Amino acid sequence: MAVRSLTMLLLKSLRPLRRLQPPPQRRPSTSKSSSHLPLPSRRSLHLPRAAAAMGSVAGDAVRLAYPPVRRDESVVDSYHGAQIPDPYRWLEDPDSEEAKEFVAAQAELAESVLAGCADREGLRREVTRLFDHPRHAAPFRRGDKYFHFHNSGLQAQSVLYVQDDLEAKAEVLLDPNTLSKDGTVALSTYSISEDGKYIAYGLSESGSDWITIRVMRIADRQLMSDKLSWVKFSSISWTHDGKGFFYGRYPAPGVELDAGTETNINLNHQIYYHILGSDQSEDILCWKDPENPKHSLGASVTEDGKYIILGTYDGCDPVNKLYYCEISSLTHGLEGFRETKEMLPFVKLIDNFDAQYQVVANDGDEFTFLTNKNAPKNKLVRVNIKKPEVWTDVLSEHERDVLESADAVNGNQLVVCYMSDVKHTLQIRDLITGNLLHQLPLEIGSVSEISCRRGDKEVFIGFTSFLSPGIIYRCNLASTIPEMKTFREISVPGFDRTSFEVKQIFVPSKDGTKIPMFIMSKKDIELDGSHPTLLYGYGGFNISITPSFSVSRLVLCKNMGSVVCIANIRGGGEYGEEWHKAGALAKKQNCFDDFIACAEQLISSGYTSNKKICIEGGSNGGLLIAACINQRPDLFGCALAHVGVMDMLRFHKFTIGHAWTTDYGCSDKEEEFGWLIKYSPLHNVKRPWEQSFGDNCQYPATMLLTADHDDRVVPLHSLKLLATMQHVLCTSIENSPQTNPIIGRIDRKSGHGAGRPTKKLIDEAADRYSFMSKMLGATWTE
């Protein structure tokens, strides 16, 4: 359902860092951006004090010459009586000449450091070699044809193919690689009409969240005149008559913009219906809510074509309102609203934000929903929407496992996906009763996509894990016992999975909560504390970080003897909504405590030492990394923070940042300001040698990564933190103990991560991991 995909767009507006791997192409089901307060108290490293002091690895020989950066001491904001300086406020204007000069100088500095990283080209060469292999996504059917995505290996973007049946020759339907010379135009969303005659698709340029929707006639690949602009966070959902589709957009800004570089707040999301062949100015406004300009909206047509479902979302919490409109009740059809200028007569089924409701299936007026209403690990319920007084549980909440998704198939059956200790399991259940029919065999790993519709007798299932590049299973449900067969399997030349091992351990956090952590390495490594280690985390917005394949991380294990770890800290969705809320709002510090505990466990268990550990995260995970190096600069040798939310007092003022207040809170409220100022990365940079860490302690070597077209977590976050760290730690004191480099990698014609071409992914991996290698003193072996 399109409502489901929109829900994930909103929940993932602060998505995790995208790993260097084939981009997921289709997942119909839920898989699933200066204060002088004292630092938090120092926690034990489980190491002798001498070992805890962080020394310089890269900076002993050469001290970096940081470019001079102006500080405007006159900019001071008052928050509930507290005076908070913001000397780099001018960096919030990306179009100013001074900001552009800052970016250019920082880019030059970063390149000078990266040019001295000996493993840079070796990494680039090896990652490119292993990445060059064919990849397929699961097929799906519309009308009488099948569609699927394929990438031959190093193509910038994956290509959409069409075929008459699964054995027929596949022909190119849409190749995004022909739309730009550098591969920076990406296919962001798409929808094929029920009869398979048309495809409406959204294109994103340079990684921006803004998309332009175009329409193509499938039979002759003829591009239609339709062109829809200022679309963001939108699904596309066709009415079954094929006359048009619903989509979401924001009002046009009224001025010329380089879309993706602006920082203007996104307000007044609206739902429109576009009639094929017409101009966007004639589109029908179906719903708006001017009294709640920060709300986001999504509309979809049910699989039987009978209803339009409208979802309203307040921020990124897994909650929504849900309205419906019966299409047959529209006397003059949707076209009639062109003349009346009225909005559609939606009926309010759920009119508050107390829970999440996702449509699973409907038989006329009888709807089955996946919901977290009184069920933080989710359940299935059923209701007659015309008689909404009685709601019946179909599948009760599991005691321990999280119900991630349910997809109707084969008439009255469901493919149900559970997450159990951060690993997926699959079941076939009865849609009517919820009874278990079959358990599907699945290795330890993640379900990356589920492709089916209710009338299908088979389902295609995408699977991946740390050591499995990807398998597409074809499951036949027509037989008495489902037949699960491999349809396609991705093979990486030169990769031998038997050389590696993956473990899952559970680490006690500061308050005793057990935190799951995956550890991948070569087999039978000696636990002598010598291994370079990469620790990745996210911890926010109910998003779960499940096992997945990454070429670049395997290269770290294979060629550098590294250990790669994924910490499933609180704030994510690994154990449902309670796990999420335990790392949000006033409890956000739990995320940092959990991550620090995982690092300490890796050291005390003998995997690594504090000089050999690199921490990494993106978006909300970038915030995690920056907060942790502020709180425990002694614990890490290197830090890679991608597109992070670094200014926790002003994030809500830019683009879609206001949606994140459901996880963070907002500085406009006094109590919530009190939470935010304690960990906001920008406001807690301190000289560790002046704190309780000892005279020899300094910040780890740090790379902040951002991109000029990131209009989700706008670059100003990373730029202001970069300027602050360089000033406080390096340029404001003579002969500073901070000799570890503090640099920023600022990508051009890129955004928050989605749609980035393959070459940019490889280049970034080579840069960040060669930096890590040099800072940790790792040794490259072929």
# chains A, B, ... in the order shown; residues from 1 in each chain; ligands from 1
>>> residues_around(residues="Thr261 in chain A", least_positions_apart="5", cutoff="9 Å", atoms="only C-alpha atoms", output="NGL selection string")
:A and (94-95 or 208 or 708-711 or 714-715)
>>> select_by_dssp(residues="range 569-685 of chain A", states="alpha helix (DSSP H)", output="PyMOL selection string")
chain A and resi 577-581+589-604+620-631+661-664+670-679
>>> atom_distance(atom1="CA of Tyr473 in chain A", atom2="CA of Phe460 in chain A")
5.5 Å
>>> closest_residue(among="A:His133, A:Arg70, A:Arg217, A:Arg768", to="Gly196 in chain A", atoms="only C-alpha atoms")
A:Arg217
>>> closest_residue(among="A:Lys227, A:Pro139, A:Pro493, A:Gln738", to="Ile472 in chain A", atoms="only C-alpha atoms")
A:Pro139
>>> closest_residue(among="A:Glu483, A:Pro700, A:Thr546, A:Gly755", to="Val447 in chain A", atoms="only C-alpha atoms")
A:Thr546
>>> atom_distance(atom1="CA of Ala107 in chain A", atom2="CA of Asp747 in chain A")
8.7 Å
>>> residues_around(residues="range 164-168 of chain A", least_positions_apart="6", cutoff="7 Å", atoms="only C-alpha atoms", output="tab-separated table (two decimals) with C-alpha atoms, in the first residue's frame")
chain	number	residue	atom	x	y	z
A	144	ASP	CA	0.03	-8.86	-17.72
A	145	LYS	CA	3.72	-7.93	-17.35
A	146	TYR	CA	6.54	-8.36	-14.85
>>> closest_residue(among="A:Leu297, A:Ile211, A:Leu682, A:Cys286", to="Gly336 in chain A", atoms="only C-alpha atoms")
A:Cys286
>>> residues_around(residues="Cys598 in chain A", least_positions_apart="4", cutoff="9 Å", atoms="only C-alpha atoms", output="VMD selection string")
chain A and resid 506 to 509 515 to 517 535 567 569 593 to 594 602 to 603
>>> write_last_selection(atoms="N, CA, C and O atoms", output="short mmCIF file (atom, residue, chain, number, x, y, z; two decimals), in the first residue's frame")
data_model
loop_
_atom_site.label_atom_id
_atom_site.label_comp_id
_atom_site.auth_asym_id
_atom_site.auth_seq_id
_atom_site.Cartn_x
_atom_site.Cartn_y
_atom_site.Cartn_z
N PHE A 506 25.36 -9.70 23.75
CA PHE A 506 24.47 -8.77 24.43
C PHE A 506 25.25 -8.07 25.52
O PHE A 506 25.77 -8.70 26.44
N VAL A 507 25.34 -6.74 25.40
CA VAL A 507 26.22 -5.94 26.24
C VAL A 507 25.41 -5.20 27.30
O VAL A 507 24.43 -4.52 26.96
N PRO A 508 25.78 -5.32 28.58
CA PRO A 508 25.06 -4.56 29.61
C PRO A 508 25.40 -3.07 29.51
O PRO A 508 26.57 -2.68 29.51
N SER A 509 24.38 -2.23 29.40
CA SER A 509 24.59 -0.79 29.36
C SER A 509 24.75 -0.25 30.78
O SER A 509 24.76 -1.01 31.76
N ILE A 515 22.18 -4.80 25.48
CA ILE A 515 22.19 -4.21 24.15
C ILE A 515 22.74 -5.21 23.15
O ILE A 515 23.89 -5.65 23.28
N PRO A 516 21.96 -5.59 22.12
CA PRO A 516 22.49 -6.53 21.12
C PRO A 516 23.59 -5.87 20.29
O PRO A 516 23.50 -4.69 19.96
N MET A 517 24.61 -6.66 19.95
CA MET A 517 25.67 -6.16 19.07
C MET A 517 26.18 -7.30 18.20
O MET A 517 26.50 -8.38 18.70
N LEU A 535 32.91 0.49 14.81
CA LEU A 535 31.66 0.33 15.56
C LEU A 535 30.64 1.30 15.00
O LEU A 535 30.85 2.52 15.02
N ALA A 567 25.98 -1.95 16.70
CA ALA A 567 25.36 -1.88 18.02
C ALA A 567 23.90 -1.49 17.86
O ALA A 567 23.59 -0.42 17.33
N ILE A 569 21.45 -0.13 19.60
CA ILE A 569 21.17 0.63 20.81
C ILE A 569 19.71 1.07 20.88
O ILE A 569 18.98 1.02 19.90
N ASP A 593 24.90 6.21 26.21
CA ASP A 593 25.39 5.26 27.20
C ASP A 593 25.50 3.85 26.61
O ASP A 593 26.47 3.13 26.86
N ASP A 594 24.51 3.46 25.83
CA ASP A 594 24.52 2.13 25.21
C ASP A 594 25.71 1.97 24.27
O ASP A 594 26.40 0.95 24.27
N LEU A 602 34.01 -4.11 23.73
CA LEU A 602 34.94 -4.56 22.70
C LEU A 602 36.38 -4.47 23.19
O LEU A 602 37.23 -5.31 22.86
N ILE A 603 36.66 -3.44 24.00
CA ILE A 603 38.01 -3.27 24.54
C ILE A 603 38.27 -4.30 25.64
O ILE A 603 39.30 -5.00 25.64
#
>>> residues_around(residues="Lys387 in chain A", least_positions_apart="2", cutoff="10 Å", atoms="only C-alpha atoms", output="list in words")
Leu349, Asp365, Glu366, Val383, Asn384, Ile385, Glu389, Val390 and Trp391 of chain A
>>> closest_residue(among="A:Glu577, A:Gly644, A:Lys558, A:Phe463", to="Arg497 in chain A", atoms="only C-alpha atoms")
A:Lys558
>>> residues_around(residues="Lys523 in chain A", least_positions_apart="2", cutoff="12 Å", atoms="only C-alpha atoms", output="list of chain:residue names")
A:Asp496, A:Arg497, A:Thr498, A:Ser499, A:Phe500, A:Glu501, A:Val502, A:Lys503, A:Ile519, A:Met520, A:Ser521, A:Ile525, A:Glu526, A:Leu527, A:Cys557, A:Lys558, A:Gly561, A:Ser562, A:Val563
>>> select_by_dssp(residues="range 78-272 of chain A", states="strand (DSSP E)", output="PyMOL selection string")
chain A and resi 78-79+82-85+135-136+140-142+145-151+159-163+171-174+185-192+198-205+211-217+222-231+237-238+244-249+270-272
>>> residues_around(residues="Ile265 in chain A", least_positions_apart="5", cutoff="9 Å", atoms="only C-alpha atoms", output="MDAnalysis selection string")
chainID A and resid 652:658
>>> atom_distance(atom1="CA of Gly333 in chain A", atom2="CA of Trp287 in chain A")
15.9 Å
>>> closest_residue(among="A:Cys452, A:Leu64, A:Glu92, A:Ile308", to="Val113 in chain A", atoms="only C-alpha atoms")
A:Leu64
